[in-house]
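> Dropping the structure in here first, questions after.
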Amino acid sequence: PLAQLFAQLSTVLAERLAPYADQTLAPFASAVLALDATTLDPVARMLPELRPLPPGDRQLLPGRLNALFDLRLQQWRTVVHQDDPMQNEKVVAWDLLADLPPGCLLVADLGYFGFAWFDELTARGYWWVSRLRAKTSTTLIHAYYDDGRTFDGLVWLGAHRADRAAHAVRLVRFQVGATTYQYLTNVLDPPHLPIRDIARLYARRWDIELAFKTLKRELGLHLLWSAKPTVILQQVWAVLLIAQILQALRLEIAGRAGVDPFEVSLHLLVVYLPQYAYTGQDPVAEFVAHGRELRFIRPSTRTVIQAPDLPHDQLVFPPPALELTRTPRYAARKGTLHQPTPK
């Protein structure tokens, strides 16, 4: 019932938040979602079968939350509880994507890096952005731009016969100071998704990390009330319900105040929203009217993304007949899983 209530609440909030959604994030995509997981904290050894276990035993971990977080709406899109916290993330990820319509753009960390994973996302009609994992071999197909410090081009993933992806991808590389950044995407047209937007999208992957932090630190999910699975899930869904409302109110406050959502303190919203509501005041109106003087609204400390902006007339485009698919081969690695494309 709590999971059903969460779905109903999410539908209502999505309609309310539509005017405040950040449509500058990959406007061509039907949705922009961050994919990640977090392991629930260990339970106390209260049950008879748990008492003999030593502290830190993996059996004390009550599972993992796998989730999709809507970066435009700052809302949890889908959350799936996984009993085994050691299972590979990509296995459960297919459950998260089961009802996801084509055209969505997914951002995920290197835990989801894999040739078969990328190929399957492309085959299902999803856009994606990822960092390039170290020591990943590539073969150059075409360079849109290359001046030695900044590169934008098409590559094959996997330079060896035993492990190679089916679909060509776009690799972008640039330097900021002494640091080199490298990203991959299946959005192959640079004007459609410039380097600056790729860097900005991947930086927003941090939003889901902050959302997990809100669940645990601000709303107490780090301390589980029980070791019984049913009670644990009741607490999880109760916390998610509260978090969904808080995230929605912060986005609405930011929209009405004309500021970035991360300039609105979520911590202070957690503390003072109940107090305003208890006295019959509208918390959103109070935050908008007095947020700056009370420091509810203050400059964000998030890192400002720096990336080059390549002029369109400096890009060299490939011939239309360039072949961008090939026969794949996926090396058998521990924890990998390839899901065949549904016919």
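A note on labels: chains of the structure tokens are A, B, ... as shown, every chain counts residues from 1, and ligands are counted from 1 in their shown order.
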If you count only C-alpha atoms, which residues fall within 10 Å of segment 283-292 of chain A, apart from same-chain ones fewer than 5 positions away, as a PyMOL selection string?
chain A and resi 249-250+252-258+263-265+269+272-278+297-299
> Looking only at the backbone, which of the residues in segment 94-342 of chain A does DSSP tag as strand (DSSP E or B), as JSON, numbers by chain?
{"A": [104, 105, 106, 107, 108, 127, 128, 129, 130, 131, 138, 139, 140, 141, 142, 143, 144, 145, 146, 151, 152, 153, 154, 155, 156, 157, 160, 163, 164, 167, 169, 170, 171, 172, 173, 174, 175, 176, 179, 180, 181, 182, 183, 184, 185, 264, 297, 325, 329]}
> Each residue of segment 115-210 of chain A lying at most 8 Å from segment 12-28 of chain A should get a row with its shortest atom-to-atom pair and the distance in Å to one decimal, counting only C-alpha atoms; could you produce that, ordered by chain and increasing number, as a tab-separated table?

residue	atom	partner	partner_atom	distance
A:Leu193	CA	A:Ala26	CA	7.2
A:Asp197	CA	A:Ala26	CA	7.6
A:Leu201	CA	A:Leu25	CA	7.1
> Please dump the current selection as a PDB file, in the first residue's frame; keep N, CA and C atoms.

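See out_0.pdb below for the written result:
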ATOM      1  N   LEU A 193      23.988  17.641 -28.983  1.00  0.00           N
ATOM      2  CA  LEU A 193      24.427  17.599 -27.585  1.00  0.00           C
ATOM      3  C   LEU A 193      25.894  18.033 -27.538  1.00  0.00           C
ATOM      4  N   ASP A 197      27.283  20.583 -22.781  1.00  0.00           N
ATOM      5  CA  ASP A 197      26.076  19.973 -22.240  1.00  0.00           C
ATOM      6  C   ASP A 197      26.336  18.562 -21.731  1.00  0.00           C
ATOM      7  N   LEU A 201      25.553  17.472 -17.991  1.00  0.00           N
ATOM      8  CA  LEU A 201      24.672  16.344 -17.698  1.00  0.00           C
ATOM      9  C   LEU A 201      25.337  15.366 -16.736  1.00  0.00           C
TER      10      LEU A 201
END
> Residues within 8 Å of Val32 of chain A, please, as a count of residues only. Count only C-alpha atoms; anything in the same chain fewer than 6 positions from it doesn't count.
9
> I'd like the interatomic distance between atom CA of Gln87 of chain A and atom CA of Pro229 of chain A, to a tenth of an Å.
17.9 Å
> When you look at His222 of chain A with a cut-off of 9 Å (counting only C-alpha atoms), what residues show up, excluding the ones that are within fewer than 5 positions of it in the same chain? I need them as a ChimeraX atom specification.
/A:40-42,215-217
> When distances are computed from only C-alpha atoms, which of A:Arg77, A:Leu121, A:Gly148, A:Thr303 shows the smallest separation from Leu9 of chain A?
A:Arg77
> Suppose you want the space between atom CA of Thr38 of chain A and atom CA of Trp117 of chain A; what is it in Å?
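These atoms are spaced 19.9 Å apart.
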> Just to confirm, what's the straight-line distance from atom CA of Leu268 of chain A to atom CA of Ala203 of chain A in Å (one decimal)?
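Taking atom CA of Leu268 of chain A as the start and atom CA of Ala203 of chain A as the end point, the length is 24.1 Å.
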